[in-house]
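Chemist: The structure file entry-v1.txt (compact mmCIF, C-alpha atoms) is provided below.
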# COMPACT_ATOMS: atom_id res chain seq x y z
CA MET A 1 -37.65 -28.80 -35.52
CA ASP A 2 -39.94 -26.22 -37.12
CA THR A 3 -38.41 -22.76 -36.55
CA GLN A 4 -41.85 -21.19 -35.94
CA TRP A 5 -41.79 -22.50 -32.35
CA LYS A 6 -40.71 -19.69 -30.03
CA PHE A 7 -39.49 -22.23 -27.46
CA SER A 8 -36.93 -23.64 -29.90
CA ARG A 9 -33.25 -22.76 -30.07
CA GLU A 10 -33.64 -22.43 -33.82
CA TYR A 11 -36.00 -19.51 -33.16
CA ASN A 12 -33.83 -18.03 -30.36
CA PRO A 13 -30.59 -19.81 -29.38
CA THR A 14 -30.26 -17.99 -26.04
CA THR A 15 -31.96 -19.37 -22.94
CA ARG A 16 -34.64 -17.02 -21.68
CA THR A 17 -33.72 -14.87 -18.69
CA ILE A 18 -36.36 -14.98 -15.95
CA LYS A 19 -36.46 -12.48 -13.09
CA ILE A 20 -37.10 -14.18 -9.74
CA THR A 21 -36.31 -11.34 -7.30
CA GLU A 22 -34.87 -7.85 -7.74
CA ASP A 23 -31.36 -9.29 -7.68
CA ILE A 24 -31.83 -12.95 -8.71
CA PHE A 25 -32.28 -14.02 -12.32
CA ILE A 26 -32.06 -17.46 -13.88
CA GLY A 27 -31.48 -18.53 -17.45
CA GLY A 28 -29.61 -16.43 -19.98
CA ASP A 29 -25.93 -16.14 -19.12
CA THR A 30 -26.48 -15.99 -15.35
CA ASN A 31 -25.17 -19.51 -14.58
CA ASN A 32 -27.53 -19.49 -11.59
CA THR A 33 -29.18 -22.60 -10.15
CA LEU A 34 -32.16 -21.53 -8.06
CA MET A 35 -33.21 -23.46 -4.96
CA ILE A 36 -36.96 -23.58 -4.31
CA ALA A 37 -37.98 -25.34 -1.11
CA GLY A 38 -40.87 -25.91 1.25
CA PRO A 39 -43.54 -28.42 2.23
CA CYS A 40 -45.88 -30.21 -0.14
CA SER A 41 -48.83 -28.38 1.45
CA ILE A 42 -49.30 -25.43 3.71
CA GLU A 43 -51.00 -26.93 6.78
CA SER A 44 -50.92 -24.09 9.34
CA GLU A 45 -49.35 -20.71 9.96
CA LYS A 46 -46.98 -22.21 12.53
CA GLN A 47 -45.77 -24.88 10.12
CA ILE A 48 -45.12 -22.51 7.23
CA GLU A 49 -43.41 -19.95 9.47
CA LEU A 50 -40.98 -22.60 10.70
CA VAL A 51 -40.16 -23.43 7.09
CA ALA A 52 -39.73 -19.74 6.22
CA LYS A 53 -37.27 -19.22 9.07
CA MET A 54 -35.22 -22.20 7.91
CA LEU A 55 -35.10 -20.85 4.36
CA VAL A 56 -34.00 -17.40 5.54
CA LYS A 57 -31.28 -19.01 7.67
CA ASN A 58 -29.94 -20.69 4.52
CA ASN A 59 -30.38 -17.60 2.31
CA ILE A 60 -33.00 -19.32 0.13
CA LYS A 61 -35.38 -16.87 -1.51
CA VAL A 62 -38.30 -18.94 -2.86
CA LEU A 63 -40.86 -20.80 -0.73
CA ARG A 64 -43.00 -23.56 -2.23
CA ALA A 65 -46.21 -24.92 -0.71
CA GLY A 66 -49.54 -26.05 -2.10
CA ALA A 67 -52.85 -24.48 -1.10
CA PHE A 68 -54.90 -26.37 -3.72
CA LYS A 69 -53.83 -30.01 -3.90
CA PRO A 70 -54.89 -32.35 -6.73
CA ARG A 71 -54.99 -35.78 -5.09
CA THR A 72 -55.52 -39.32 -6.35
CA SER A 73 -57.87 -40.20 -3.45
CA PRO A 74 -61.07 -38.30 -2.57
CA TYR A 75 -60.27 -38.97 1.11
CA SER A 76 -56.94 -37.12 1.06
CA PHE A 77 -56.07 -33.61 2.27
CA PHE A 78 -56.95 -31.17 -0.51
CA GLY A 79 -55.28 -28.10 0.98
CA LEU A 80 -56.39 -24.94 2.75
CA GLY A 81 -57.54 -23.21 -0.43
CA VAL A 82 -57.72 -19.42 -0.51
CA GLU A 83 -56.99 -19.24 3.22
CA GLY A 84 -53.74 -21.06 2.48
CA LEU A 85 -52.91 -18.56 -0.26
CA LYS A 86 -53.45 -15.69 2.17
CA LEU A 87 -51.17 -17.31 4.75
CA LEU A 88 -48.48 -17.88 2.12
CA ARG A 89 -48.66 -14.23 1.08
CA LYS A 90 -48.48 -13.12 4.70
CA ILE A 91 -45.39 -15.24 5.41
CA GLY A 92 -43.78 -14.31 2.10
CA ASP A 93 -44.13 -10.63 2.84
CA LYS A 94 -42.96 -11.03 6.46
CA TYR A 95 -39.77 -12.93 5.53
CA ASN A 96 -39.12 -11.38 2.10
CA LEU A 97 -39.66 -14.67 0.29
CA LYS A 98 -41.12 -15.22 -3.14
CA ILE A 99 -44.02 -17.67 -3.21
CA ILE A 100 -44.60 -20.43 -5.75
CA THR A 101 -47.83 -22.40 -5.45
CA GLU A 102 -49.89 -24.66 -7.64
CA VAL A 103 -53.07 -23.90 -9.52
CA ARG A 104 -55.18 -27.07 -9.50
CA ASP A 105 -57.78 -26.06 -12.09
CA SER A 106 -59.10 -23.00 -13.87
CA THR A 107 -61.68 -22.21 -11.16
CA GLN A 108 -59.03 -20.79 -8.81
CA VAL A 109 -56.38 -19.61 -11.29
CA GLU A 110 -57.18 -15.93 -10.68
CA ASP A 111 -56.70 -16.36 -6.92
CA VAL A 112 -53.33 -18.04 -7.43
CA ILE A 113 -52.24 -15.29 -9.83
CA ALA A 114 -53.27 -12.67 -7.27
CA TYR A 115 -51.37 -14.16 -4.30
CA ALA A 116 -48.37 -16.00 -5.79
CA ASP A 117 -45.16 -14.62 -7.27
CA ILE A 118 -44.56 -17.70 -9.42
CA ILE A 119 -47.46 -19.82 -10.68
CA GLN A 120 -47.05 -23.58 -10.80
CA ILE A 121 -49.09 -25.65 -13.22
CA GLY A 122 -49.05 -29.19 -11.84
CA ALA A 123 -48.47 -32.34 -13.84
CA LYS A 124 -52.16 -33.27 -13.66
CA ALA A 125 -53.16 -29.86 -15.03
CA MET A 126 -50.63 -29.53 -17.85
CA TRP A 127 -53.32 -29.77 -20.52
CA ASP A 128 -55.85 -27.45 -18.82
CA TYR A 129 -56.23 -24.81 -21.52
CA GLY A 130 -58.29 -22.56 -19.24
CA ILE A 131 -55.25 -22.29 -16.96
CA LEU A 132 -52.88 -21.81 -19.90
CA GLU A 133 -54.97 -18.96 -21.29
CA ALA A 134 -55.25 -17.22 -17.92
CA VAL A 135 -51.54 -17.37 -17.05
CA SER A 136 -50.59 -16.20 -20.54
CA LYS A 137 -52.20 -12.84 -19.69
CA THR A 138 -49.95 -12.17 -16.68
CA ASP A 139 -46.24 -11.40 -16.69
CA LYS A 140 -45.53 -13.47 -13.57
CA PRO A 141 -43.25 -16.47 -14.09
CA VAL A 142 -45.10 -19.73 -14.77
CA MET A 143 -43.58 -23.15 -14.06
CA ILE A 144 -45.13 -26.02 -15.99
CA LYS A 145 -44.64 -29.50 -14.58
CA ARG A 146 -44.34 -32.17 -17.25
CA ALA A 147 -47.24 -34.61 -17.02
CA PHE A 148 -46.06 -38.12 -16.15
CA GLY A 149 -47.33 -39.44 -19.49
CA ALA A 150 -46.15 -36.56 -21.71
CA ARG A 151 -43.23 -36.55 -24.12
CA VAL A 152 -40.69 -33.75 -23.75
CA GLN A 153 -41.78 -32.07 -26.97
CA GLU A 154 -45.37 -32.04 -25.71
CA VAL A 155 -44.47 -30.11 -22.56
CA ALA A 156 -42.42 -27.70 -24.67
CA GLN A 157 -45.42 -27.15 -26.93
CA ILE A 158 -47.62 -26.52 -23.89
CA ALA A 159 -45.14 -23.83 -22.86
CA GLU A 160 -45.62 -22.34 -26.32
CA PHE A 161 -49.31 -21.70 -25.59
CA ILE A 162 -48.30 -19.41 -22.72
CA ILE A 163 -45.51 -17.72 -24.68
CA ASN A 164 -47.77 -17.23 -27.69
CA GLY A 165 -50.43 -15.71 -25.42
CA GLY A 166 -48.03 -12.99 -24.34
CA ASN A 167 -46.19 -14.28 -21.24
CA GLU A 168 -42.54 -14.95 -22.05
CA ASN A 169 -41.64 -15.91 -18.46
CA VAL A 170 -42.03 -19.67 -18.66
CA LEU A 171 -40.17 -22.47 -16.86
CA ILE A 172 -40.38 -26.22 -17.48
CA CYS A 173 -40.15 -28.64 -14.56
CA GLU A 174 -39.19 -32.30 -14.99
CA ARG A 175 -40.71 -34.27 -12.09
CA GLY A 176 -40.58 -37.84 -13.27
CA ILE A 177 -42.52 -39.97 -15.70
CA ARG A 178 -44.42 -43.21 -15.25
CA THR A 179 -42.46 -46.27 -16.37
CA PHE A 180 -42.55 -50.01 -15.61
CA GLU A 181 -40.52 -49.39 -12.42
CA THR A 182 -42.51 -49.69 -9.18
CA GLY A 183 -39.69 -49.34 -6.63
CA THR A 184 -39.81 -45.56 -6.88
CA ARG A 185 -42.76 -43.22 -7.31
CA PHE A 186 -41.74 -42.16 -10.84
CA THR A 187 -38.60 -42.21 -12.99
CA LEU A 188 -36.76 -38.89 -13.28
CA ASP A 189 -36.06 -38.41 -16.98
CA LEU A 190 -32.61 -36.83 -17.10
CA CYS A 191 -32.34 -37.86 -20.76
CA GLY A 192 -35.42 -35.73 -21.37
CA VAL A 193 -33.77 -32.87 -19.51
CA ALA A 194 -30.77 -33.12 -21.83
CA TRP A 195 -33.19 -32.92 -24.80
CA LEU A 196 -34.92 -29.85 -23.34
CA LYS A 197 -31.59 -28.11 -22.74
CA GLU A 198 -30.46 -28.84 -26.30
CA HIS A 199 -33.65 -28.00 -28.16
CA THR A 200 -35.49 -25.35 -26.11
CA ASN A 201 -34.62 -21.90 -24.82
CA ILE A 202 -36.73 -22.34 -21.67
CA PRO A 203 -35.07 -22.55 -18.23
CA ILE A 204 -35.33 -26.02 -16.68
CA ILE A 205 -36.26 -26.86 -13.08
CA LEU A 206 -35.87 -30.38 -11.65
CA ASP A 207 -38.05 -31.94 -8.93
CA PRO A 208 -36.29 -34.94 -7.35
CA SER A 209 -38.83 -35.18 -4.49
CA HIS A 210 -41.81 -36.19 -6.63
CA ALA A 211 -39.75 -38.41 -8.89
CA MET A 212 -38.19 -40.44 -6.08
CA GLY A 213 -41.17 -40.49 -3.75
CA TYR A 214 -39.02 -41.49 -0.76
CA SER A 215 -36.83 -39.20 1.31
CA TYR A 216 -33.87 -41.59 1.41
CA GLY A 217 -33.10 -41.02 -2.28
CA VAL A 218 -33.82 -37.30 -2.62
CA ALA A 219 -30.35 -36.01 -1.66
CA ASP A 220 -28.45 -38.22 -4.12
CA LEU A 221 -30.93 -37.49 -6.88
CA THR A 222 -30.67 -33.75 -6.20
CA ARG A 223 -26.90 -33.91 -6.51
CA ALA A 224 -27.24 -35.67 -9.86
CA CYS A 225 -29.71 -33.02 -11.03
CA THR A 226 -27.39 -30.22 -9.95
CA ALA A 227 -24.52 -31.73 -11.93
CA MET A 228 -26.59 -31.34 -15.11
CA GLY A 229 -26.28 -27.56 -14.81
CA VAL A 230 -30.01 -26.92 -14.67
CA ASP A 231 -31.58 -23.57 -13.82
CA GLY A 232 -33.36 -24.63 -10.65
CA LEU A 233 -34.32 -27.31 -8.14
CA ILE A 234 -37.57 -27.68 -6.21
CA ILE A 235 -37.35 -29.76 -3.03
CA GLU A 236 -39.94 -30.69 -0.42
CA THR A 237 -39.03 -30.09 3.23
CA HIS A 238 -41.23 -30.12 6.33
CA PRO A 239 -40.63 -29.53 10.07
CA LEU A 240 -41.99 -33.01 10.88
CA PRO A 241 -42.40 -35.05 7.68
CA GLU A 242 -43.84 -38.02 9.56
CA VAL A 243 -47.01 -36.03 10.37
CA ALA A 244 -47.30 -34.21 7.02
CA LYS A 245 -50.82 -34.22 5.57
CA SER A 246 -49.56 -34.96 2.07
CA ASP A 247 -46.46 -36.60 0.54
CA ALA A 248 -45.04 -37.48 3.97
CA SER A 249 -42.70 -40.17 2.62
CA GLN A 250 -40.73 -37.88 0.30
CA GLN A 251 -40.28 -34.75 2.43
CA LEU A 252 -36.93 -34.03 4.08
CA ASN A 253 -36.74 -32.80 7.64
CA PHE A 254 -34.72 -29.62 8.19
CA GLU A 255 -31.48 -31.38 9.12
CA GLN A 256 -31.69 -33.63 6.05
CA PHE A 257 -32.47 -30.66 3.83
CA GLU A 258 -29.63 -28.50 5.13
CA ASN A 259 -27.10 -31.33 4.81
CA MET A 260 -28.23 -31.94 1.24
CA TYR A 261 -28.25 -28.23 0.38
CA ASN A 262 -24.73 -27.65 1.68
CA SER A 263 -23.48 -30.63 -0.34
CA LEU A 264 -24.53 -28.90 -3.56
CA TYR A 265 -22.03 -26.03 -3.34
CA PRO A 266 -18.97 -28.10 -4.43
CA ILE A 267 -20.98 -29.43 -7.37
CA THR A 268 -22.09 -26.02 -8.60
CA LYS A 269 -18.56 -24.69 -8.14
CA ALA A 270 -17.15 -27.57 -10.19
CA ILE A 271 -19.41 -26.76 -13.14
CA ASN A 272 -19.06 -22.95 -12.81
CA ARG A 273 -22.56 -22.29 -11.58
CA ASN A 274 -23.97 -20.30 -8.67
CA LEU A 275 -26.40 -21.81 -6.16
CA VAL A 276 -28.93 -19.08 -5.32
Translate this structure into structure tokens?
Modeler:
Amino acid sequence: MDTQWKFSREYNPTTRTIKITEDIFIGGDTNNTLMIAGPCSIESEKQIELVAKMLVKNNIKVLRAGAFKPRTSPYSFFGLGVEGLKLLRKIGDKYNLKIITEVRDSTQVEDVIAYADIIQIGAKAMWDYGILEAVSKTDKPVMIKRAFGARVQEVAQIAEFIINGGNENVLICERGIRTFETGTRFTLDLCGVAWLKEHTNIPIILDPSHAMGYSYGVADLTRACTAMGVDGLIIETHPLPEVAKSDASQQLNFEQFENMYNSLYPITKAINRNLV
């Protein structure tokens, strides 16, 4: 690989260290695996507060929820928009949680930067250069989700646009690619994750929820992801998944999530990592 690429291990062999909270870092020599959890979408203050309380109970520090939702149907729930961002910020401050939320397109990127602690670029927006330019001017961490039709080197090169623009705090999220398989929503590319770990110095987050698409397989897939020694996991959980306004089939209820989460500790211990 050309050594000019700042994402490459030829350029810098050490994985980047990313600050998440005052006392939690990932990447580098931390051996930390970060848990990020929350619903697909913020739907109400009551809903997101229930999630926040569950995260605090389990000592999880990062809350995920979408306020701007890119959907495949024009009749679907598109999120609460800026009002959702304000509610996320309110709950984050109240419960001392960091907020990660998705920017759908460049028209609301400044609002997401203003309210979120970590900015998520969704798979459908990976090639939105207006977003890439805007987030390269902040020092907040940015998590890029690999588009379901992108090769691993392509998502690494997209990360380079942000790094080259001045923001070194970049994460790559593998969330499944589109293959011939129709039994699951996508196919989680753990081979691609191995490539990213070998060839890039960017911390890697895995998203089993979107790859599987069905709650029954999320726990097993999460355990497999954890065993790879990745830097983070992002899991969807909802107080009542059956009434969720988006991605109902893949979200875990609180009991399912807590059982899955507790099962990860022996795995991280076995591979000398810390679940944070």
Chemist: What does the distance between CA of His199 (chain A) and CA of Ser8 (chain A) come to in Å, to one decimal place?
Modeler: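 Those two atoms sit 5.7 Å apart.
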Chemist: Please list as number ranges by chain every residue within 8 Å of Leu88 (chain A), counting all atoms listed in the file and excluding residues in the same chain fewer than 3 positions away.
Modeler: A: 42, 48, 65, 84-85, 91-92, 99, 115
Chemist: So that I can check the surroundings of region 252-257 of chain A, please list as a PDB file with C-alpha atoms, keeping the file's coordinate frame every protein, DNA and RNA residue that reaches within 10 Å of it, counting all atoms listed in the file and ignoring chain neighbours fewer than 5 positions away.
Modeler:
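Result written to around.pdb:
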ATOM      1  CA  ALA A  37     -37.980 -25.340  -1.110  1.00  0.00           C
ATOM      2  CA  GLY A  38     -40.870 -25.910   1.250  1.00  0.00           C
ATOM      3  CA  PRO A  39     -43.540 -28.420   2.230  1.00  0.00           C
ATOM      4  CA  LEU A  50     -40.980 -22.600  10.700  1.00  0.00           C
ATOM      5  CA  VAL A  51     -40.160 -23.430   7.090  1.00  0.00           C
ATOM      6  CA  MET A  54     -35.220 -22.200   7.910  1.00  0.00           C
ATOM      7  CA  LEU A  55     -35.100 -20.850   4.360  1.00  0.00           C
ATOM      8  CA  SER A 209     -38.830 -35.180  -4.490  1.00  0.00           C
ATOM      9  CA  TYR A 214     -39.020 -41.490  -0.760  1.00  0.00           C
ATOM     10  CA  SER A 215     -36.830 -39.200   1.310  1.00  0.00           C
ATOM     11  CA  TYR A 216     -33.870 -41.590   1.410  1.00  0.00           C
ATOM     12  CA  VAL A 218     -33.820 -37.300  -2.620  1.00  0.00           C
ATOM     13  CA  ALA A 219     -30.350 -36.010  -1.660  1.00  0.00           C
ATOM     14  CA  ILE A 235     -37.350 -29.760  -3.030  1.00  0.00           C
ATOM     15  CA  GLU A 236     -39.940 -30.690  -0.420  1.00  0.00           C
ATOM     16  CA  THR A 237     -39.030 -30.090   3.230  1.00  0.00           C
ATOM     17  CA  HIS A 238     -41.230 -30.120   6.330  1.00  0.00           C
ATOM     18  CA  PRO A 239     -40.630 -29.530  10.070  1.00  0.00           C
ATOM     19  CA  LEU A 240     -41.990 -33.010  10.880  1.00  0.00           C
ATOM     20  CA  PRO A 241     -42.400 -35.050   7.680  1.00  0.00           C
ATOM     21  CA  GLU A 242     -43.840 -38.020   9.560  1.00  0.00           C
ATOM     22  CA  ASN A 262     -24.730 -27.650   1.680  1.00  0.00           C
ATOM     23  CA  SER A 263     -23.480 -30.630  -0.340  1.00  0.00           C
TER      24      SER A 263
END
Chemist: With all atoms of region 190-207 of chain A from the file as input, state the centre and edge lengths in Å to one decimal of the axis-aligned box that has 8 Å extra on each side, as lines of an AutoDock Vina configuration file.
Modeler:
center_x = -34.3
center_y = -29.9
center_z = -18.5
size_x = 23.6
size_y = 32.0
size_z = 35.2
Chemist: Give me the residues within 12 Å of region 178-189 of chain A as a VMD selection string, counting all atoms listed in the file and dropping any in the same chain fewer than 3 places off.
Modeler: chain A and resid 123 146 to 152 173 to 175 192 to 196 206 to 218 221 to 222 224 to 225 228 247 249 to 250
Chemist: What does the structure give for the distance between CA of Ile18 (chain A) and CA of Glu102 (chain A), in Å to one decimal?
Modeler: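 Value for the CA of Ile18 (chain A)-CA of Glu102 (chain A) distance: 18.6 Å.
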Chemist: In terms of the shortest atom-to-atom distance over all atoms listed in the file, which of A:Asp29, A:Glu22, A:Glu258, A:Asp105 is closest to Asn201 (chain A)?
Modeler: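 Among A:Asp29, A:Glu22, A:Glu258, A:Asp105, it is A:Asp29 that comes nearest to Asn201 (chain A).
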Chemist: If you measure from CA of Ile158 (chain A) to CA of Phe7 (chain A), what distance in Å do you get, rounded to one decimal?
Modeler: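 Taking CA of Ile158 (chain A) as the start and CA of Phe7 (chain A) as the end point, the length is 9.9 Å.
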Chemist: Select, from A:Ile20, A:Pro74, A:Ile131, A:Trp5, the residue with the minimum atom-to-atom distance to Asp117 (chain A), counting all atoms listed in the file.
Modeler: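 Closest residue, counting all atoms listed in the file: A:Ile20.
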Chemist: Go through A:Gln108, A:Lys245, A:Pro141, A:Pro70 and flag the residue nearest Gly122 (chain A), using all atoms listed in the file for the distances.
Modeler: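 Among the listed residues, the smallest separation from Gly122 (chain A) belongs to A:Pro70.
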Chemist: Which of these residues is nearest to Ile163 (chain A), using all atoms listed in the file: A:Arg16, A:Glu198, A:Arg104, A:Glu10?
Modeler: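 Among A:Arg16, A:Glu198, A:Arg104, A:Glu10, it is A:Arg16 that comes nearest to Ile163 (chain A).
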Chemist: Which residue, A:Leu132, A:Asp111, A:Asn32, A:Tyr11, has the smallest gap to Arg273 (chain A) when you use all atoms listed in the file?
Modeler: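 Ranked by minimum distance to Arg273 (chain A), first place goes to A:Asn32.
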Chemist: Using all atoms listed in the file for the distances, tell me which of A:Lys137, A:Lys197, A:Lys46, A:Arg223 is nearest to Thr15 (chain A).
Modeler: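 Selected residue with least distance to Thr15 (chain A): A:Lys197.
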Chemist: Show me, as a count of residues only, the residues that have an atom within 6 Å of Thr17 (chain A) when counting all atoms listed in the file, minus same-chain residues fewer than 3 positions from it.
Modeler: 3
